[in-house]
file final.cif (mmCIF, C-alpha atoms, pLDDT in the B column; chains and numbers go by the auth columns)
data_run
loop_
_atom_site.group_PDB
_atom_site.id
_atom_site.type_symbol
_atom_site.label_atom_id
_atom_site.label_comp_id
_atom_site.label_asym_id
_atom_site.label_seq_id
_atom_site.Cartn_x
_atom_site.Cartn_y
_atom_site.Cartn_z
_atom_site.B_iso_or_equiv
_atom_site.auth_seq_id
_atom_site.auth_asym_id
ATOM 1 C CA MET A 1 -50.168 47.368 77.260 42.00 2 I
ATOM 2 C CA SER A 2 -53.448 46.332 75.632 48.00 3 I
ATOM 3 C CA ASP A 3 -56.394 45.199 77.715 54.00 4 I
ATOM 4 C CA PRO A 4 -56.481 41.352 77.612 59.00 5 I
ATOM 5 C CA ALA A 5 -60.265 41.462 78.025 63.00 6 I
ATOM 6 C CA ALA A 6 -60.764 43.778 75.049 72.00 7 I
ATOM 7 C CA PRO A 7 -62.182 42.237 71.846 80.00 8 I
ATOM 8 C CA LEU A 8 -59.587 40.899 69.419 87.00 9 I
ATOM 9 C CA GLU A 9 -59.090 42.834 66.207 86.00 10 I
ATOM 10 C CA GLY A 10 -60.008 41.269 62.891 86.00 11 I
ATOM 11 C CA HIS A 11 -59.287 44.053 60.437 88.00 12 I
ATOM 12 C CA LEU A 12 -56.106 44.478 58.422 91.00 13 I
ATOM 13 C CA THR A 13 -53.715 47.211 59.468 91.00 14 I
ATOM 14 C CA PRO A 14 -51.144 48.943 57.245 92.00 15 I
ATOM 15 C CA LEU A 15 -48.463 46.940 59.050 89.00 16 I
ATOM 16 C CA ILE A 16 -50.078 43.566 58.294 91.00 17 I
ATOM 17 C CA SER A 17 -50.728 44.472 54.665 93.00 18 I
ATOM 18 C CA THR A 18 -47.163 45.735 54.233 92.00 19 I
ATOM 19 C CA VAL A 19 -45.634 42.635 55.838 90.00 20 I
ATOM 20 C CA ALA A 20 -47.791 40.385 53.618 92.00 21 I
ATOM 21 C CA LEU A 21 -46.717 42.275 50.497 94.00 22 I
ATOM 22 C CA GLY A 22 -43.071 42.133 51.531 93.00 23 I
ATOM 23 C CA ALA A 23 -43.282 38.414 52.266 92.00 24 I
ATOM 24 C CA ARG A 24 -44.855 37.710 48.863 94.00 25 I
ATOM 25 C CA THR A 25 -42.102 39.694 47.165 94.00 26 I
ATOM 26 C CA VAL A 26 -39.351 37.855 49.032 92.00 27 I
ATOM 27 C CA ALA A 27 -40.957 34.450 48.422 93.00 28 I
ATOM 28 C CA ARG A 28 -41.214 35.116 44.696 93.00 29 I
ATOM 29 C CA SER A 29 -37.595 36.227 44.603 93.00 30 I
ATOM 30 C CA VAL A 30 -36.269 32.911 45.936 92.00 31 I
ATOM 31 C CA THR A 31 -38.688 30.349 44.482 93.00 32 I
ATOM 32 C CA ARG A 32 -41.556 29.830 42.079 94.00 33 I
ATOM 33 C CA VAL A 33 -44.800 29.837 44.075 95.00 34 I
ATOM 34 C CA THR A 34 -48.026 28.288 42.776 96.00 35 I
ATOM 35 C CA ILE A 35 -51.349 28.902 44.546 96.00 36 I
ATOM 36 C CA GLU A 36 -54.257 26.603 43.707 96.00 37 I
ATOM 37 C CA GLY A 37 -57.790 25.977 44.898 96.00 38 I
ATOM 38 C CA PRO A 38 -61.030 27.840 45.695 95.00 39 I
ATOM 39 C CA ILE A 39 -59.587 30.655 47.789 95.00 40 I
ATOM 40 C CA ASP A 40 -62.545 32.798 46.782 94.00 41 I
ATOM 41 C CA ARG A 41 -64.859 30.385 48.624 95.00 42 I
ATOM 42 C CA ILE A 42 -63.151 30.682 52.008 96.00 43 I
ATOM 43 C CA PRO A 43 -65.725 32.434 54.261 95.00 44 I
ATOM 44 C CA ARG A 44 -65.154 36.187 54.426 94.00 45 I
ATOM 45 C CA ASP A 45 -66.932 36.586 57.759 94.00 46 I
ATOM 46 C CA GLY A 46 -67.514 34.563 60.891 95.00 47 I
ATOM 47 C CA PRO A 47 -65.122 32.064 62.506 97.00 48 I
ATOM 48 C CA VAL A 48 -62.849 30.044 60.224 97.00 49 I
ATOM 49 C CA ILE A 49 -60.116 27.496 60.963 97.00 50 I
ATOM 50 C CA LEU A 50 -57.270 27.224 58.453 97.00 51 I
ATOM 51 C CA ALA A 51 -55.490 23.861 58.871 97.00 52 I
ATOM 52 C CA ALA A 52 -52.254 23.012 57.058 97.00 53 I
ATOM 53 C CA ASN A 53 -49.392 20.541 57.090 97.00 54 I
ATOM 54 C CA HIS A 54 -46.085 21.896 58.349 95.00 55 I
ATOM 55 C CA ILE A 55 -42.767 21.095 56.642 95.00 56 I
ATOM 56 C CA SER A 56 -40.818 24.370 56.691 94.00 57 I
ATOM 57 C CA ASN A 57 -40.622 27.877 58.117 89.00 58 I
ATOM 58 C CA GLY A 58 -41.698 28.930 54.649 93.00 59 I
ATOM 59 C CA ASP A 59 -45.201 27.515 55.206 95.00 60 I
ATOM 60 C CA ALA A 60 -46.303 30.408 57.401 92.00 61 I
ATOM 61 C CA VAL A 61 -44.757 32.888 54.982 92.00 62 I
ATOM 62 C CA ILE A 62 -46.735 31.571 52.006 96.00 63 I
ATOM 63 C CA ILE A 63 -50.001 31.022 53.880 96.00 64 I
ATOM 64 C CA GLY A 64 -49.938 34.370 55.630 94.00 65 I
ATOM 65 C CA SER A 65 -48.765 36.500 52.742 93.00 66 I
ATOM 66 C CA TRP A 66 -51.123 35.116 50.094 95.00 67 I
ATOM 67 C CA LEU A 67 -54.259 34.396 52.130 96.00 68 I
ATOM 68 C CA THR A 68 -54.154 37.667 54.067 94.00 69 I
ATOM 69 C CA LYS A 69 -54.419 39.574 50.811 90.00 70 I
ATOM 70 C CA SER A 70 -57.129 37.297 49.392 93.00 71 I
ATOM 71 C CA LEU A 71 -59.281 37.184 52.526 94.00 72 I
ATOM 72 C CA GLY A 72 -58.952 40.836 53.439 93.00 73 I
ATOM 73 C CA ARG A 73 -59.038 39.645 57.060 94.00 74 I
ATOM 74 C CA ARG A 74 -56.482 39.332 59.825 94.00 75 I
ATOM 75 C CA ILE A 75 -55.269 35.776 60.392 95.00 76 I
ATOM 76 C CA HIS A 76 -54.696 34.913 64.052 94.00 77 I
ATOM 77 C CA TRP A 77 -51.848 32.560 64.934 90.00 78 I
ATOM 78 C CA LEU A 78 -50.687 30.855 68.116 84.00 79 I
ATOM 79 C CA GLY A 79 -46.902 31.193 68.262 78.00 80 I
ATOM 80 C CA LYS A 80 -44.200 30.171 70.686 75.00 81 I
ATOM 81 C CA LYS A 81 -43.583 32.891 73.255 77.00 82 I
ATOM 82 C CA GLU A 82 -39.832 32.908 72.528 77.00 83 I
ATOM 83 C CA MET A 83 -40.615 34.527 69.183 76.00 84 I
ATOM 84 C CA PHE A 84 -41.666 37.696 70.972 78.00 85 I
ATOM 85 C CA ASP A 85 -38.132 38.182 72.306 75.00 86 I
ATOM 86 C CA TRP A 86 -36.602 38.333 68.838 80.00 87 I
ATOM 87 C CA PRO A 87 -35.711 41.809 67.508 78.00 88 I
ATOM 88 C CA LEU A 88 -38.163 43.121 64.897 77.00 89 I
ATOM 89 C CA VAL A 89 -39.833 39.701 64.489 76.00 90 I
ATOM 90 C CA GLY A 90 -41.269 39.972 67.993 76.00 91 I
ATOM 91 C CA TRP A 91 -42.627 43.449 67.341 75.00 92 I
ATOM 92 C CA ILE A 92 -44.241 42.350 64.071 79.00 93 I
ATOM 93 C CA ALA A 93 -45.743 39.277 65.754 77.00 94 I
ATOM 94 C CA ARG A 94 -47.090 41.335 68.647 75.00 95 I
ATOM 95 C CA ASN A 95 -48.818 43.714 66.248 75.00 96 I
ATOM 96 C CA GLY A 96 -49.703 41.261 63.504 80.00 97 I
ATOM 97 C CA GLY A 97 -52.144 38.773 65.009 81.00 98 I
ATOM 98 C CA VAL A 98 -49.764 36.314 66.687 84.00 99 I
ATOM 99 C CA HIS A 99 -50.625 35.310 70.256 83.00 100 I
ATOM 100 C CA PRO A 100 -47.805 34.061 72.512 79.00 101 I
ATOM 101 C CA VAL A 101 -48.114 30.571 73.933 77.00 102 I
ATOM 102 C CA ASP A 102 -45.863 28.777 76.403 74.00 103 I
ATOM 103 C CA ARG A 103 -45.896 25.403 74.706 67.00 104 I
ATOM 104 C CA ALA A 104 -44.323 23.742 77.725 67.00 105 I
ATOM 105 C CA ALA A 105 -46.843 24.924 80.311 63.00 106 I
ATOM 106 C CA ALA A 106 -49.838 26.849 78.981 53.00 107 I
ATOM 107 C CA ASP A 107 -51.867 24.196 77.153 70.00 108 I
ATOM 108 C CA VAL A 108 -55.183 25.239 78.673 81.00 109 I
ATOM 109 C CA ASP A 109 -54.466 28.906 78.016 81.00 110 I
ATOM 110 C CA ALA A 110 -53.659 28.114 74.385 83.00 111 I
ATOM 111 C CA PHE A 111 -56.948 26.314 73.895 86.00 112 I
ATOM 112 C CA ARG A 112 -58.901 29.105 75.567 88.00 113 I
ATOM 113 C CA MET A 113 -57.226 31.693 73.338 89.00 114 I
ATOM 114 C CA ALA A 114 -58.079 29.643 70.248 92.00 115 I
ATOM 115 C CA GLU A 115 -61.697 29.325 71.399 93.00 116 I
ATOM 116 C CA ARG A 116 -61.831 33.067 72.025 94.00 117 I
ATOM 117 C CA ILE A 117 -60.513 33.849 68.530 95.00 118 I
ATOM 118 C CA LEU A 118 -63.272 31.746 66.972 96.00 119 I
ATOM 119 C CA ALA A 119 -65.980 32.881 69.403 96.00 120 I
ATOM 120 C CA GLU A 120 -65.303 36.470 68.351 95.00 121 I
ATOM 121 C CA GLY A 121 -65.663 35.494 64.678 96.00 122 I
ATOM 122 C CA HIS A 122 -62.053 35.593 63.504 96.00 123 I
ATOM 123 C CA VAL A 123 -59.735 33.461 61.370 96.00 124 I
ATOM 124 C CA LEU A 124 -57.451 31.006 63.209 96.00 125 I
ATOM 125 C CA MET A 125 -54.459 29.295 61.578 95.00 126 I
ATOM 126 C CA VAL A 126 -53.435 25.902 63.011 93.00 127 I
ATOM 127 C CA PHE A 127 -50.794 23.305 62.129 92.00 128 I
ATOM 128 C CA PRO A 128 -52.401 20.053 63.382 91.00 129 I
ATOM 129 C CA GLU A 129 -49.089 18.202 63.604 89.00 130 I
ATOM 130 C CA GLY A 130 -47.850 20.743 66.132 82.00 131 I
ATOM 131 C CA THR A 131 -44.351 21.140 64.712 84.00 132 I
ATOM 132 C CA ARG A 132 -42.447 20.876 61.454 89.00 133 I
ATOM 133 C CA SER A 133 -42.187 17.377 60.027 93.00 134 I
ATOM 134 C CA PRO A 134 -38.592 16.111 60.126 92.00 135 I
ATOM 135 C CA THR A 135 -39.144 14.043 56.969 93.00 136 I
ATOM 136 C CA GLY A 136 -41.491 16.236 54.929 94.00 137 I
ATOM 137 C CA GLU A 137 -44.230 13.609 55.343 95.00 138 I
ATOM 138 C CA LEU A 138 -47.456 14.033 57.257 95.00 139 I
ATOM 139 C CA GLN A 139 -47.043 12.933 60.850 91.00 140 I
ATOM 140 C CA THR A 140 -49.635 11.615 63.289 87.00 141 I
ATOM 141 C CA PRO A 141 -51.305 14.830 64.539 88.00 142 I
ATOM 142 C CA LYS A 142 -52.284 15.931 67.992 83.00 143 I
ATOM 143 C CA ASP A 143 -56.012 16.134 68.708 83.00 144 I
ATOM 144 C CA GLY A 144 -56.263 19.834 69.605 86.00 145 I
ATOM 145 C CA LEU A 145 -57.604 20.974 66.236 91.00 146 I
ATOM 146 C CA ALA A 146 -60.305 18.300 66.070 92.00 147 I
ATOM 147 C CA MET A 147 -61.514 19.103 69.569 91.00 148 I
ATOM 148 C CA LEU A 148 -61.525 22.817 68.813 93.00 149 I
ATOM 149 C CA ALA A 149 -63.478 22.341 65.574 95.00 150 I
ATOM 150 C CA LEU A 150 -65.996 20.052 67.278 94.00 151 I
ATOM 151 C CA ARG A 151 -66.603 22.471 70.131 93.00 152 I
ATOM 152 C CA SER A 152 -66.746 25.662 68.076 94.00 153 I
ATOM 153 C CA GLY A 153 -68.590 24.380 65.001 94.00 154 I
ATOM 154 C CA ALA A 154 -66.360 26.619 62.856 96.00 155 I
ATOM 155 C CA PRO A 155 -65.744 25.596 59.236 97.00 156 I
ATOM 156 C CA VAL A 156 -62.346 24.053 58.549 97.00 157 I
ATOM 157 C CA VAL A 157 -60.359 24.969 55.438 98.00 158 I
ATOM 158 C CA PRO A 158 -57.720 22.309 54.629 98.00 159 I
ATOM 159 C CA ILE A 159 -54.478 23.569 53.121 98.00 160 I
ATOM 160 C CA GLY A 160 -51.725 21.462 51.566 98.00 161 I
ATOM 161 C CA ILE A 161 -48.180 22.825 51.330 98.00 162 I
ATOM 162 C CA SER A 162 -45.694 21.042 49.069 97.00 163 I
ATOM 163 C CA ASN A 163 -41.935 21.369 48.572 96.00 164 I
ATOM 164 C CA THR A 164 -41.225 24.268 50.924 96.00 165 I
ATOM 165 C CA ASP A 165 -38.999 21.811 52.781 95.00 166 I
ATOM 166 C CA ARG A 166 -36.711 21.778 49.750 94.00 167 I
ATOM 167 C CA VAL A 167 -36.718 25.550 49.413 94.00 168 I
ATOM 168 C CA TRP A 168 -36.211 26.229 53.133 91.00 169 I
ATOM 169 C CA PRO A 169 -35.036 23.020 54.836 88.00 170 I
ATOM 170 C CA LYS A 170 -35.282 22.620 58.589 83.00 171 I
ATOM 171 C CA GLY A 171 -32.054 23.818 60.192 81.00 172 I
ATOM 172 C CA ARG A 172 -31.179 26.232 57.385 84.00 173 I
ATOM 173 C CA PHE A 173 -31.098 29.897 58.443 82.00 174 I
ATOM 174 C CA VAL A 174 -32.274 31.314 55.100 83.00 175 I
ATOM 175 C CA PRO A 175 -34.162 29.829 52.112 88.00 176 I
ATOM 176 C CA ARG A 176 -32.301 28.126 49.270 88.00 177 I
ATOM 177 C CA PRO A 177 -32.925 29.963 45.960 89.00 178 I
ATOM 178 C CA GLY A 178 -34.684 28.008 43.249 88.00 179 I
ATOM 179 C CA GLY A 179 -37.252 25.257 43.325 90.00 180 I
ATOM 180 C CA HIS A 180 -41.012 25.357 43.260 95.00 181 I
ATOM 181 C CA ALA A 181 -43.389 25.591 46.240 96.00 182 I
ATOM 182 C CA THR A 182 -47.129 24.963 46.029 97.00 183 I
ATOM 183 C CA MET A 183 -50.056 25.843 48.268 98.00 184 I
ATOM 184 C CA ARG A 184 -53.347 24.104 47.509 98.00 185 I
ATOM 185 C CA VAL A 185 -56.501 25.227 49.290 98.00 186 I
ATOM 186 C CA GLY A 186 -59.427 22.838 49.689 97.00 187 I
ATOM 187 C CA GLU A 187 -63.126 23.418 50.170 97.00 188 I
ATOM 188 C CA ALA A 188 -64.294 24.613 53.584 97.00 189 I
ATOM 189 C CA PHE A 189 -66.338 22.032 55.492 97.00 190 I
ATOM 190 C CA ARG A 190 -67.995 21.601 58.873 95.00 191 I
ATOM 191 C CA LEU A 191 -67.422 18.466 60.906 94.00 192 I
ATOM 192 C CA ALA A 192 -71.120 18.419 61.799 90.00 193 I
ATOM 193 C CA ASP A 193 -71.915 17.839 58.118 93.00 194 I
ATOM 194 C CA GLU A 194 -69.354 15.082 57.608 92.00 195 I
ATOM 195 C CA LEU A 195 -69.190 12.839 60.681 89.00 196 I
ATOM 196 C CA PRO A 196 -71.693 10.084 61.449 87.00 197 I
ATOM 197 C CA GLY A 197 -74.083 10.527 64.321 83.00 198 I
ATOM 198 C CA GLY A 198 -74.053 8.575 67.566 85.00 199 I
ATOM 199 C CA LEU A 199 -70.303 8.785 68.165 86.00 200 I
ATOM 200 C CA ASP A 200 -69.029 9.038 71.700 86.00 201 I
ATOM 201 C CA ARG A 201 -66.529 11.790 72.456 87.00 202 I
ATOM 202 C CA LYS A 202 -63.443 9.665 71.965 88.00 203 I
ATOM 203 C CA SER A 203 -64.667 8.258 68.654 91.00 204 I
ATOM 204 C CA ALA A 204 -65.785 11.675 67.436 91.00 205 I
ATOM 205 C CA LYS A 205 -62.374 13.153 68.215 91.00 206 I
ATOM 206 C CA LYS A 206 -60.547 10.383 66.331 92.00 207 I
ATOM 207 C CA ALA A 207 -62.922 10.515 63.356 93.00 208 I
ATOM 208 C CA ALA A 208 -62.614 14.315 63.166 94.00 209 I
ATOM 209 C CA THR A 209 -58.818 14.185 63.297 94.00 210 I
ATOM 210 C CA ASP A 210 -58.662 11.524 60.577 94.00 211 I
ATOM 211 C CA LEU A 211 -61.066 13.438 58.356 95.00 212 I
ATOM 212 C CA ILE A 212 -59.162 16.716 58.619 96.00 213 I
ATOM 213 C CA MET A 213 -55.833 15.024 57.925 95.00 214 I
ATOM 214 C CA ARG A 214 -57.233 13.105 54.932 95.00 215 I
ATOM 215 C CA ARG A 215 -58.449 16.370 53.456 97.00 216 I
ATOM 216 C CA ILE A 216 -54.988 17.890 53.914 97.00 217 I
ATOM 217 C CA ALA A 217 -53.278 14.765 52.525 97.00 218 I
ATOM 218 C CA ALA A 218 -55.360 14.993 49.352 96.00 219 I
ATOM 219 C CA LEU A 219 -53.914 18.470 48.714 97.00 220 I
ATOM 220 C CA VAL A 220 -50.196 17.737 49.074 97.00 221 I
ATOM 221 C CA ASP A 221 -47.808 16.078 46.631 97.00 222 I
ATOM 222 C CA GLU A 222 -47.642 12.298 47.013 95.00 223 I
ATOM 223 C CA ARG A 223 -44.239 12.344 48.717 96.00 224 I
ATOM 224 C CA HIS A 224 -45.687 14.358 51.614 96.00 225 I
ATOM 225 C CA ARG A 225 -48.656 12.103 52.445 95.00 226 I
ATOM 226 C CA GLY A 226 -46.803 9.857 54.864 90.00 227 I
ATOM 227 C CA VAL A 227 -49.084 7.947 57.248 87.00 228 I
ATOM 228 C CA TYR A 228 -52.141 9.156 55.303 90.00 229 I
ATOM 229 C CA ALA A 229 -50.997 7.981 51.863 88.00 230 I
ATOM 230 C CA SER A 230 -53.433 5.061 51.837 83.00 231 I
ATOM 231 C CA ASP A 231 -56.335 7.212 53.068 75.00 232 I
ATOM 232 C CA VAL A 232 -56.369 9.887 50.390 73.00 233 I
ATOM 233 C CA SER A 233 -58.917 8.133 48.185 57.00 234 I
ATOM 234 C CA ALA A 234 -61.152 7.142 51.093 44.00 235 I
ATOM 235 C CA GLU A 235 -64.575 8.752 51.062 40.00 236 I
ATOM 236 C CA PRO A 236 -65.271 10.650 54.285 42.00 237 I
ATOM 237 C CA PRO A 237 -68.327 9.466 56.240 38.00 238 I
ATOM 238 C CA THR A 238 -71.439 11.606 56.392 35.00 239 I
ATOM 239 C CA GLY A 239 -74.156 11.993 58.957 35.00 240 I
ATOM 240 C CA ALA A 240 -75.392 13.960 61.929 36.00 241 I
ATOM 241 C CA THR A 241 -73.578 16.068 64.477 37.00 242 I
ATOM 242 C CA PRO A 242 -71.277 14.238 66.928 40.00 243 I
ATOM 243 C CA GLU A 243 -71.318 15.223 70.568 41.00 244 I
ATOM 244 C CA PRO A 244 -68.592 17.845 71.217 42.00 245 I
ATOM 245 C CA PRO A 245 -66.120 17.285 74.041 44.00 246 I
ATOM 246 C CA PRO A 246 -66.692 19.269 77.238 43.00 247 I
ATOM 247 C CA ALA A 247 -64.365 22.089 78.248 42.00 248 I
ATOM 248 C CA SER A 248 -62.800 19.927 80.952 38.00 249 I
ATOM 249 C CA GLU A 249 -61.454 17.523 78.300 41.00 250 I
ATOM 250 C CA ALA A 250 -60.270 20.186 75.883 42.00 251 I
ATOM 251 C CA ALA A 251 -56.662 20.035 74.747 40.00 252 I
ATOM 252 C CA PRO A 252 -55.019 22.994 73.033 41.00 253 I
ATOM 253 C CA PRO A 253 -54.705 23.377 69.297 45.00 254 I
ATOM 254 C CA ASP A 254 -51.170 23.142 68.097 42.00 255 I
ATOM 255 C CA THR A 255 -48.892 26.109 67.617 41.00 256 I
ATOM 256 C CA ALA A 256 -46.742 27.284 64.783 42.00 257 I
#
call {"tool": "encode", "arguments": {"input": "final.cif", "output": "C-alpha cells"}}
result
Amino acid sequence: MSDPAAPLEGHLTPLISTVALGARTVARSVTRVTIEGPIDRIPRDGPVILAANHISNGDAVIIGSWLTKSLGRRIHWLGKKEMFDWPLVGWIARNGGVHPVDRAAADVDAFRMAERILAEGHVLMVFPEGTRSPTGELQTPKDGLAMLALRSGAPVVPIGISNTDRVWPKGRFVPRPGGHATMRVGEAFRLADELPGGLDRKSAKKAATDLIMRRIAALVDERHRGVYASDVSAEPPTGATPEPPPASEAAPPDTA
C-alpha cells in the first residue's frame, strides 16, 4: 500500500497513456467527437482546476482521454469509493489518478484531498454540479469548487460538454452508436483577476460560483444552458482579490 503522506504523482505512466489512447479510440468508434478551444493555453505546470458540466458518463471519457494527451500531465479526479470495488475499473482508477471519496460521509476529507492536489501543483478535474444532470441542462451547482478556487488561487479552466447525453444517456449501460459529441475548452482565468474587491466571504463564494458557471454555460450548446441561459452574455465583473473562506468553512469540491 502506498504511503498516504508521500507526494502525489503528476507524471504520465504507460498505463495512463494507454488508457487515454484506448478511450479515444473507443469514443471515435461510437460517435463523432469535436474538440474546440485553446487547449494549448492550459497551463502546463503548477496547479490547475478543470471545471466542466456533467451530462453523461461519456464526459469523463472525452475529457480524460483528449486532455491527458494534450497536457502531458496526469489529471487527478475525486471519484466515488464504490468505483474501486469494480473489477478492472477499480484497478485502473487506483493507478490512474482517481482518489476515492465517500460522498456520504467524507466531505472534509474530499476537500482536503483536493487542496492537497493543488498545493502540490497538479491538475484537478471537478464537476461543479456534483452529479450528472437528469435533463442535460446545467443545474444549480454546489459551492465546493468556488471555495476551493478562492482558497487555492489556482487558475480555473472552464469546459463545456455537449450532446454526450444523447450518445450515452443516463441509465444506459453502453453508449449508443452515432451522434456527435463536442468538448469546448475556454480560457484559463483566476478568480482574483475577475471578482470585485470588498466582498465578504458569502458574497465572494456566490459571485465565484456564478462566474465559473457562466463561463461553462458559454461553452455548451444552447439546449444545455438551463438556469444559466440568460447569463451567458453577461460580462463578468472585474476587480481586486476577494477574501478567501477559512478552512473551517470549507466544503468539498464535487466528485465525478
call {"tool": "residues_near_point", "arguments": {"input": "final.cif", "point": "(-62.1, 43.5, 64.9)", "cutoff": "10 Å", "atoms": "all atoms listed in the file", "output": "ChimeraX atom specification"}}
result
/I:8-13,74-75,121-123
call {"tool": "resolve_selection", "arguments": {"input": "final.cif", "expression": "the PyMOL selection byres ((chain I and resi 102) around 7)", "output": "number ranges by chain"}}
result
I: 79-82, 100-101, 103-104, 107, 111
call {"tool": "residues_around", "arguments": {"input": "final.cif", "residues": "Pro156 in chain I", "least_positions_apart": "3", "cutoff": "6 Å", "atoms": "only C-alpha atoms", "output": "list in words"}}
result
Val49, Ala189, Phe190 and Arg191 of chain I
call {"tool": "resolve_selection", "arguments": {"input": "final.cif", "expression": "the PyMOL selection byres ((chain I and resi 142) around 12)", "output": "count of residues only"}}
result
37
call {"tool": "resolve_selection", "arguments": {"input": "final.cif", "expression": "the PyMOL selection byres ((chain I and resi 188) around 8)", "output": "ChimeraX atom specification"}}
result
/I:38-39,42-43,158-159,186-187,189-190
call {"tool": "closest_residue", "arguments": {"input": "final.cif", "among": "I:Leu151, I:Ala24, I:Ala7, I:Leu220", "to": "Met184 in chain I", "atoms": "all atoms listed in the file"}}
result
I:Leu220
call {"tool": "residues_around", "arguments": {"input": "final.cif", "residues": "Leu125 in chain I", "least_positions_apart": "4", "cutoff": "7 Å", "atoms": "only C-alpha atoms", "output": "PyMOL selection string"}}
result
chain I and resi 49-51+76-78+118-119
call {"tool": "atom_distance", "arguments": {"input": "final.cif", "atom1": "CA of Pro48 in chain I", "atom2": "CA of Arg152 in chain I"}}
result
12.3 Å
call {"tool": "residues_around", "arguments": {"input": "final.cif", "residues": "range 83-85 of chain I", "least_positions_apart": "5", "cutoff": "7 Å", "atoms": "all atoms listed in the file", "output": "MDAnalysis selection string"}}
result
chainID I and resid 91:92 94:95
call {"tool": "residues_around", "arguments": {"input": "final.cif", "residues": "Glu37 in chain I", "least_positions_apart": "2", "cutoff": "12 Å", "atoms": "all atoms listed in the file", "output": "number ranges by chain"}}
result
I: 34-35, 39-41, 64, 67-68, 160-163, 182-188, 220-221
call {"tool": "closest_residue", "arguments": {"input": "final.cif", "among": "I:Asn164, I:Lys171, I:Arg117, I:Met148", "to": "Ser204 in chain I", "atoms": "only C-alpha atoms"}}
result
I:Met148
call {"tool": "atom_distance", "arguments": {"input": "final.cif", "atom1": "CA of Asn96 in chain I", "atom2": "CA of Ile36 in chain I"}}
result
26.4 Å
call {"tool": "atom_distance", "arguments": {"input": "final.cif", "atom1": "CA of Ala193 in chain I", "atom2": "CA of Leu149 in chain I"}}
result
12.7 Å
call {"tool": "closest_residue", "arguments": {"input": "final.cif", "among": "I:Ala21, I:Val157, I:Ala219, I:Leu200", "to": "Ala61 in chain I", "atoms": "all atoms listed in the file"}}
result
I:Ala21
call {"tool": "closest_residue", "arguments": {"input": "final.cif", "among": "I:Gly65, I:Gly73, I:Pro15, I:Phe174", "to": "Ala28 in chain I", "atoms": "only C-alpha atoms"}}
result
I:Gly65
call {"tool": "residues_around", "arguments": {"input": "final.cif", "residues": "Thr32 in chain I", "least_positions_apart": "4", "cutoff": "6 Å", "atoms": "all atoms listed in the file", "output": "number ranges by chain"}}
result
I: 178-181
call {"tool": "closest_residue", "arguments": {"input": "final.cif", "among": "I:Pro88, I:Gly98, I:Gly47, I:Gly137", "to": "Leu16 in chain I", "atoms": "all atoms listed in the file"}}
result
I:Gly98
call {"tool": "axis_aligned_box", "arguments": {"input": "final.cif", "around": "range 30-46 of chain I", "padding_each_side": "4 Å", "output": "JSON"}}
result
{"center_x": -51.6, "center_y": 31.3, "center_z": 49.9, "size_x": 38.7, "size_y": 18.6, "size_z": 23.7}
call {"tool": "closest_residue", "arguments": {"input": "final.cif", "among": "I:Lys70, I:Ile93, I:Gly172, I:Arg167", "to": "Ser18 in chain I", "atoms": "only C-alpha atoms"}}
result
I:Lys70
call {"tool": "decode", "arguments": {"input": "final.cif", "residues": "range 79-92 of chain I", "atoms": "N, CA and C atoms", "output": "PDB file, in the first residue's frame"}}
result
ATOM      1  N   LEU I  79     -11.581  13.141  -8.202  1.00  0.00           N
ATOM      2  CA  LEU I  79     -12.183  12.623  -6.985  1.00  0.00           C
ATOM      3  C   LEU I  79     -13.358  11.751  -7.415  1.00  0.00           C
ATOM      4  N   GLY I  80     -13.290  10.461  -7.102  1.00  0.00           N
ATOM      5  CA  GLY I  80     -14.327   9.535  -7.555  1.00  0.00           C
ATOM      6  C   GLY I  80     -14.960   8.785  -6.405  1.00  0.00           C
ATOM      7  N   LYS I  81     -16.190   8.361  -6.595  1.00  0.00           N
ATOM      8  CA  LYS I  81     -16.896   7.636  -5.551  1.00  0.00           C
ATOM      9  C   LYS I  81     -16.139   6.349  -5.202  1.00  0.00           C
ATOM     10  N   LYS I  82     -16.068   6.055  -3.924  1.00  0.00           N
ATOM     11  CA  LYS I  82     -15.254   4.934  -3.456  1.00  0.00           C
ATOM     12  C   LYS I  82     -15.751   3.595  -3.994  1.00  0.00           C
ATOM     13  N   GLU I  83     -17.058   3.500  -4.318  1.00  0.00           N
ATOM     14  CA  GLU I  83     -17.602   2.254  -4.837  1.00  0.00           C
ATOM     15  C   GLU I  83     -16.932   1.839  -6.137  1.00  0.00           C
ATOM     16  N   MET I  84     -16.433   2.821  -6.889  1.00  0.00           N
ATOM     17  CA  MET I  84     -15.765   2.531  -8.150  1.00  0.00           C
ATOM     18  C   MET I  84     -14.563   1.611  -7.967  1.00  0.00           C
ATOM     19  N   PHE I  85     -13.925   1.719  -6.811  1.00  0.00           N
ATOM     20  CA  PHE I  85     -12.699   0.966  -6.571  1.00  0.00           C
ATOM     21  C   PHE I  85     -12.967  -0.515  -6.294  1.00  0.00           C
ATOM     22  N   ASP I  86     -14.236  -0.868  -6.140  1.00  0.00           N
ATOM     23  CA  ASP I  86     -14.602  -2.274  -5.951  1.00  0.00           C
ATOM     24  C   ASP I  86     -14.930  -2.969  -7.262  1.00  0.00           C
ATOM     25  N   TRP I  87     -15.017  -2.202  -8.342  1.00  0.00           N
ATOM     26  CA  TRP I  87     -15.364  -2.794  -9.631  1.00  0.00           C
ATOM     27  C   TRP I  87     -14.150  -3.487 -10.239  1.00  0.00           C
ATOM     28  N   PRO I  88     -14.328  -4.668 -10.819  1.00  0.00           N
ATOM     29  CA  PRO I  88     -13.209  -5.359 -11.481  1.00  0.00           C
ATOM     30  C   PRO I  88     -12.620  -4.507 -12.606  1.00  0.00           C
ATOM     31  N   LEU I  89     -11.350  -4.508 -12.734  1.00  0.00           N
ATOM     32  CA  LEU I  89     -10.570  -3.789 -13.745  1.00  0.00           C
ATOM     33  C   LEU I  89     -10.703  -2.277 -13.606  1.00  0.00           C
ATOM     34  N   VAL I  90     -11.943  -1.757 -13.583  1.00  0.00           N
ATOM     35  CA  VAL I  90     -12.141  -0.310 -13.460  1.00  0.00           C
ATOM     36  C   VAL I  90     -11.503   0.203 -12.174  1.00  0.00           C
ATOM     37  N   GLY I  91     -11.691  -0.541 -11.082  1.00  0.00           N
ATOM     38  CA  GLY I  91     -11.114  -0.132  -9.810  1.00  0.00           C
ATOM     39  C   GLY I  91      -9.595  -0.112  -9.850  1.00  0.00           C
ATOM     40  N   TRP I  92      -9.012  -1.100 -10.502  1.00  0.00           N
ATOM     41  CA  TRP I  92      -7.549  -1.148 -10.597  1.00  0.00           C
ATOM     42  C   TRP I  92      -7.025   0.011 -11.435  1.00  0.00           C
TER      43      TRP I  92
END
